[in-house]
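K.L.:
model_26.pdb is reproduced below (PDB, C-alpha atoms).
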ATOM      1  CA  MET A 277      28.925  -3.605 -11.609  1.00  0.00           C
ATOM      2  CA  ASP A 278      28.246  -2.782  -7.960  1.00  0.00           C
ATOM      3  CA  GLU A 279      24.860  -1.530  -6.787  1.00  0.00           C
ATOM      4  CA  PRO A 280      24.836   1.881  -5.072  1.00  0.00           C
ATOM      5  CA  ARG A 281      24.925   1.575  -1.285  1.00  0.00           C
ATOM      6  CA  TRP A 282      24.459   3.907   1.677  1.00  0.00           C
ATOM      7  CA  GLN A 283      27.444   4.532   3.933  1.00  0.00           C
ATOM      8  CA  ASP A 284      26.239   1.820   6.328  1.00  0.00           C
ATOM      9  CA  GLY A 285      26.375  -0.743   3.507  1.00  0.00           C
ATOM     10  CA  THR A 286      22.621  -1.098   2.972  1.00  0.00           C
ATOM     11  CA  LEU A 287      20.919  -0.678  -0.370  1.00  0.00           C
ATOM     12  CA  PRO A 288      18.863   2.504  -0.818  1.00  0.00           C
ATOM     13  CA  ARG A 289      15.098   1.925  -0.698  1.00  0.00           C
ATOM     14  CA  THR A 290      12.780   2.823  -3.509  1.00  0.00           C
ATOM     15  CA  ARG A 291      10.662   5.820  -2.579  1.00  0.00           C
ATOM     16  CA  PHE A 292       7.094   5.705  -3.805  1.00  0.00           C
ATOM     17  CA  ARG A 293       4.627   8.561  -4.060  1.00  0.00           C
ATOM     18  CA  LEU A 294       0.872   8.293  -3.662  1.00  0.00           C
ATOM     19  CA  GLU A 295      -0.750   9.396  -6.922  1.00  0.00           C
ATOM     20  CA  THR A 296      -4.282   7.986  -6.929  1.00  0.00           C
ATOM     21  CA  GLY A 297      -6.884   6.803  -4.472  1.00  0.00           C
ATOM     22  CA  LEU A 298      -7.249   9.830  -2.245  1.00  0.00           C
ATOM     23  CA  THR A 299     -11.009   9.647  -2.813  1.00  0.00           C
ATOM     24  CA  VAL A 300     -10.979   6.014  -1.657  1.00  0.00           C
ATOM     25  CA  LEU A 301      -9.075   7.073   1.469  1.00  0.00           C
ATOM     26  CA  ALA A 302     -11.408  10.018   2.152  1.00  0.00           C
ATOM     27  CA  ASP A 303     -14.567   7.936   1.670  1.00  0.00           C
ATOM     28  CA  TRP A 304     -13.291   5.188   3.962  1.00  0.00           C
ATOM     29  CA  SER A 305     -12.059   7.687   6.571  1.00  0.00           C
ATOM     30  CA  GLU A 306     -15.536   9.165   7.064  1.00  0.00           C
ATOM     31  CA  HIS A 307     -16.665   6.051   8.951  1.00  0.00           C
ATOM     32  CA  ALA A 308     -13.390   4.591  10.244  1.00  0.00           C
ATOM     33  CA  SER A 309     -12.221   4.647  13.842  1.00  0.00           C
ATOM     34  CA  GLN A 310      -9.228   6.771  14.783  1.00  0.00           C
ATOM     35  CA  SER A 311      -7.100   3.673  15.453  1.00  0.00           C
ATOM     36  CA  ALA A 312      -7.926   2.276  11.991  1.00  0.00           C
ATOM     37  CA  LYS A 313      -7.074   5.615  10.365  1.00  0.00           C
ATOM     38  CA  ASN A 314      -3.768   5.701  12.237  1.00  0.00           C
ATOM     39  CA  ALA A 315      -2.948   2.158  11.114  1.00  0.00           C
ATOM     40  CA  VAL A 316      -3.690   2.920   7.454  1.00  0.00           C
ATOM     41  CA  HIS A 317      -1.703   6.162   7.563  1.00  0.00           C
ATOM     42  CA  LYS A 318       1.234   4.290   9.098  1.00  0.00           C
ATOM     43  CA  ALA A 319       1.083   1.717   6.279  1.00  0.00           C
ATOM     44  CA  LEU A 320       0.888   4.462   3.654  1.00  0.00           C
ATOM     45  CA  PHE A 321       3.951   6.176   5.104  1.00  0.00           C
ATOM     46  CA  ALA A 322       5.729   2.803   5.097  1.00  0.00           C
ATOM     47  CA  MET A 323       4.970   2.505   1.383  1.00  0.00           C
ATOM     48  CA  VAL A 324       6.274   6.006   0.746  1.00  0.00           C
ATOM     49  CA  ASP A 325       9.513   5.452   2.653  1.00  0.00           C
ATOM     50  CA  GLY A 326      10.096   1.976   1.217  1.00  0.00           C
ATOM     51  CA  THR A 327       9.687  -0.070   4.410  1.00  0.00           C
ATOM     52  CA  LEU A 328       6.227  -1.514   3.689  1.00  0.00           C
ATOM     53  CA  PHE A 329       7.534  -4.764   2.225  1.00  0.00           C
ATOM     54  CA  HIS A 330       9.706  -5.361   5.291  1.00  0.00           C
ATOM     55  CA  THR A 331       7.150  -4.488   7.977  1.00  0.00           C
ATOM     56  CA  TYR A 332       3.737  -5.682   6.702  1.00  0.00           C
ATOM     57  CA  ARG A 333       2.313  -8.926   5.394  1.00  0.00           C
ATOM     58  CA  ILE A 334       1.737  -8.556   1.672  1.00  0.00           C
ATOM     59  CA  ILE A 335      -0.418 -10.783  -0.533  1.00  0.00           C
ATOM     60  CA  ASP A 336      -0.145 -10.524  -4.311  1.00  0.00           C
ATOM     61  CA  ASP A 337      -3.318 -10.370  -6.374  1.00  0.00           C
ATOM     62  CA  TYR A 338      -2.620 -13.112  -8.906  1.00  0.00           C
ATOM     63  CA  GLN A 339      -5.411 -11.800 -11.180  1.00  0.00           C
ATOM     64  CA  ARG A 340      -3.944  -8.273 -11.269  1.00  0.00           C
ATOM     65  CA  PRO A 341      -0.155  -8.411 -11.150  1.00  0.00           C
ATOM     66  CA  SER A 342       0.292  -4.713 -10.370  1.00  0.00           C
ATOM     67  CA  GLU A 343      -1.972  -4.895  -7.289  1.00  0.00           C
ATOM     68  CA  LEU A 344      -1.378  -6.268  -3.823  1.00  0.00           C
ATOM     69  CA  TYR A 345      -3.091  -6.567  -0.480  1.00  0.00           C
ATOM     70  CA  VAL A 346      -1.490  -5.058   2.612  1.00  0.00           C
ATOM     71  CA  ILE A 347      -2.614  -6.639   5.877  1.00  0.00           C
ATOM     72  CA  VAL A 348      -2.801  -3.487   7.999  1.00  0.00           C
ATOM     73  CA  LYS A 349      -4.463  -5.158  11.013  1.00  0.00           C
ATOM     74  CA  ASP A 350      -6.234  -8.471  11.556  1.00  0.00           C
ATOM     75  CA  ASP A 351      -9.540  -6.940  10.474  1.00  0.00           C
ATOM     76  CA  LEU A 352      -8.257  -4.329   8.013  1.00  0.00           C
ATOM     77  CA  VAL A 353      -6.800  -4.657   4.516  1.00  0.00           C
ATOM     78  CA  MET A 354      -5.604  -2.025   2.088  1.00  0.00           C
ATOM     79  CA  LYS A 355      -5.289  -2.873  -1.584  1.00  0.00           C
ATOM     80  CA  ILE A 356      -2.815  -0.823  -3.572  1.00  0.00           C
ATOM     81  CA  ARG A 357      -1.806  -0.660  -7.212  1.00  0.00           C
ATOM     82  CA  ILE A 358       1.804  -0.040  -8.157  1.00  0.00           C
ATOM     83  CA  SER A 359       1.518   2.286 -11.138  1.00  0.00           C
ATOM     84  CA  CYS A 360       5.179   2.453 -12.107  1.00  0.00           C
ATOM     85  CA  PHE A 361       8.546   2.109 -10.440  1.00  0.00           C
ATOM     86  CA  ASP A 362       7.959   5.072  -8.122  1.00  0.00           C
ATOM     87  CA  SER A 363       4.207   5.648  -7.724  1.00  0.00           C
ATOM     88  CA  PHE A 364       1.186   3.833  -6.334  1.00  0.00           C
ATOM     89  CA  GLY A 365      -2.505   4.276  -5.705  1.00  0.00           C
ATOM     90  CA  ILE A 366      -5.061   3.129  -3.164  1.00  0.00           C
ATOM     91  CA  VAL A 367      -7.631   0.785  -4.670  1.00  0.00           C
ATOM     92  CA  HIS A 368      -9.569  -0.311  -1.574  1.00  0.00           C
ATOM     93  CA  ILE A 369      -9.542  -0.087   2.220  1.00  0.00           C
ATOM     94  CA  GLY A 370     -11.756  -2.228   4.412  1.00  0.00           C
ATOM     95  CA  PRO A 371     -12.273  -5.587   6.065  1.00  0.00           C
ATOM     96  CA  PRO A 372     -10.602  -8.580   4.402  1.00  0.00           C
ATOM     97  CA  THR A 373     -13.947 -10.025   3.311  1.00  0.00           C
ATOM     98  CA  SER A 374     -14.709  -6.951   1.198  1.00  0.00           C
ATOM     99  CA  ALA A 375     -11.254  -6.586  -0.385  1.00  0.00           C
ATOM    100  CA  THR A 376     -11.996  -8.791  -3.384  1.00  0.00           C
ATOM    101  CA  ARG A 377     -15.359  -7.163  -4.109  1.00  0.00           C
ATOM    102  CA  TYR A 378     -14.310  -3.567  -4.672  1.00  0.00           C
ATOM    103  CA  PRO A 379     -15.549  -1.773  -7.799  1.00  0.00           C
ATOM    104  CA  ASP A 380     -12.975  -1.772 -10.574  1.00  0.00           C
ATOM    105  CA  ARG A 381     -11.284   1.671 -10.545  1.00  0.00           C
ATOM    106  CA  HIS A 382      -8.840   1.450 -13.432  1.00  0.00           C
TER     107      HIS A 382
END
Just dump the structure as structure tokens.

P.N.:
Amino acid sequence: MDEPRWQDGTLPRTRFRLETGLTVLADWSEHASQSAKNAVHKALFAMVDGTLFHTYRIIDDYQRPSELYVIVKDDLVMKIRISCFDSFGIVHIGPPTSATRYPDRH
């Protein structure tokens, strides 16, 4: 059975929606620079439109299979949790050294 394809022959991308973590984003945004905010927003839009996995470095969290680290910039990491096949949440945003020490927000 053939997979559905767009007219240009490419496979359609999965579209995700942000469901959780807006508080994490708001708390982080209070003290972040405008360039850092722009970078995180760009990565979030890439997740929503399905291009994140093609445009950013991604590191799986081997201890939590549904979570992954997105390298937004050299000094900025966003950790997200894929909730189901079409939704995700923000778990943590900050420097790489703090990404493994976030409070558990299950």

K.L.:
Contacts of Ser363 of chain A at 6 Å or less, counting only C-alpha atoms, minus same-chain residues fewer than 2 places along, as a ChimeraX atom specification?

P.N.:
/A:292-294,359-360

K.L.:
Would you mind listing, for every residue of segment 326-374 of chain A within 9 Å of segment 308-313 of chain A, the two atoms forming the shortest contact and the distance between them in Å to one decimal, using only C-alpha atoms, sorted by chain and ascending residue number, as CSV?

P.N.:
residue,atom,partner,partner_atom,distance
A:Val348,CA,A:Ala312,CA,8.7
A:Lys349,CA,A:Ala312,CA,8.3
A:Leu352,CA,A:Ala312,CA,7.7

K.L.:
Which residue gives the smallest distance to Ala315 of chain A among A:Tyr332, A:Tyr338, A:Gly365, A:Tyr345, with only C-alpha atoms counted?

P.N.:
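For Ala315 of chain A, the nearest of the given residues is A:Tyr332.
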
K.L.:
Please evaluate the PyMOL selection byres ((chain A and resi 342) around 8) against the structure above and give the resulting residues as a list in words.

P.N.:
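Applying the expression gives Asp337, Arg340, Pro341, Glu343, Leu344, Arg357, Ile358 and Ser359 of chain A.
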
K.L.:
Give the answer as one residue: which of A:Arg291, A:Lys355, A:Lys318, A:His330 has the shortest atom-to-atom distance to Pro372 of chain A, using all atoms listed in the file?

P.N.:
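Looking only at the distances to Pro372 of chain A, the closest residue turns out to be A:Lys355.
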
K.L.:
Can you work out the spacing between atom CA of Thr331 of chain A and atom CA of Val316 of chain A in Å, to one decimal?

P.N.:
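Computing the Euclidean distance for atom CA of Thr331 of chain A and atom CA of Val316 of chain A yields 13.1 Å.
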
K.L.:
Please list as an MDAnalysis selection string every residue within 7 Å of Val346 of chain A, counting only C-alpha atoms and excluding residues in the same chain fewer than 5 positions away.

P.N.:
chainID A and resid 332:335 353:355

K.L.:
For the residues selected in the previous step, produce a file with C-alpha atoms as an mmCIF file, keeping the file's coordinate frame.

P.N.:
data_model
loop_
_atom_site.group_PDB
_atom_site.id
_atom_site.type_symbol
_atom_site.label_atom_id
_atom_site.label_comp_id
_atom_site.auth_asym_id
_atom_site.auth_seq_id
_atom_site.Cartn_x
_atom_site.Cartn_y
_atom_site.Cartn_z
ATOM 1 C CA TYR A 332 3.737 -5.682 6.702
ATOM 2 C CA ARG A 333 2.313 -8.926 5.394
ATOM 3 C CA ILE A 334 1.737 -8.556 1.672
ATOM 4 C CA ILE A 335 -0.418 -10.783 -0.533
ATOM 5 C CA VAL A 353 -6.800 -4.657 4.516
ATOM 6 C CA MET A 354 -5.604 -2.025 2.088
ATOM 7 C CA LYS A 355 -5.289 -2.873 -1.584
#

K.L.:
In Å to one decimal, how far is atom CA of Asp325 of chain A from atom CA of Glu306 of chain A?

P.N.:
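Between atom CA of Glu306 of chain A and atom CA of Asp325 of chain A the gap works out to 25.7 Å.
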
K.L.:
So how many Å separate atom CA of Gly297 of chain A and atom CA of Ile356 of chain A, to one decimal?

P.N.:
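For atom CA of Gly297 of chain A relative to atom CA of Ile356 of chain A, the distance reads 8.7 Å.
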
K.L.:
When the PyMOL selection byres ((chain A and resi 298) around 12) is applied to the structure above, which residues does it catch, written out as a ChimeraX atom specification?

P.N.:
/A:294-297,299-305,317,320,356,364-369

K.L.:
Between A:Asn314, A:Phe361, A:Gln339, A:His307, which residue has the minimum interatomic distance to Gly326 of chain A, considering all atoms listed in the file?

P.N.:
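Closest candidate: A:Phe361.
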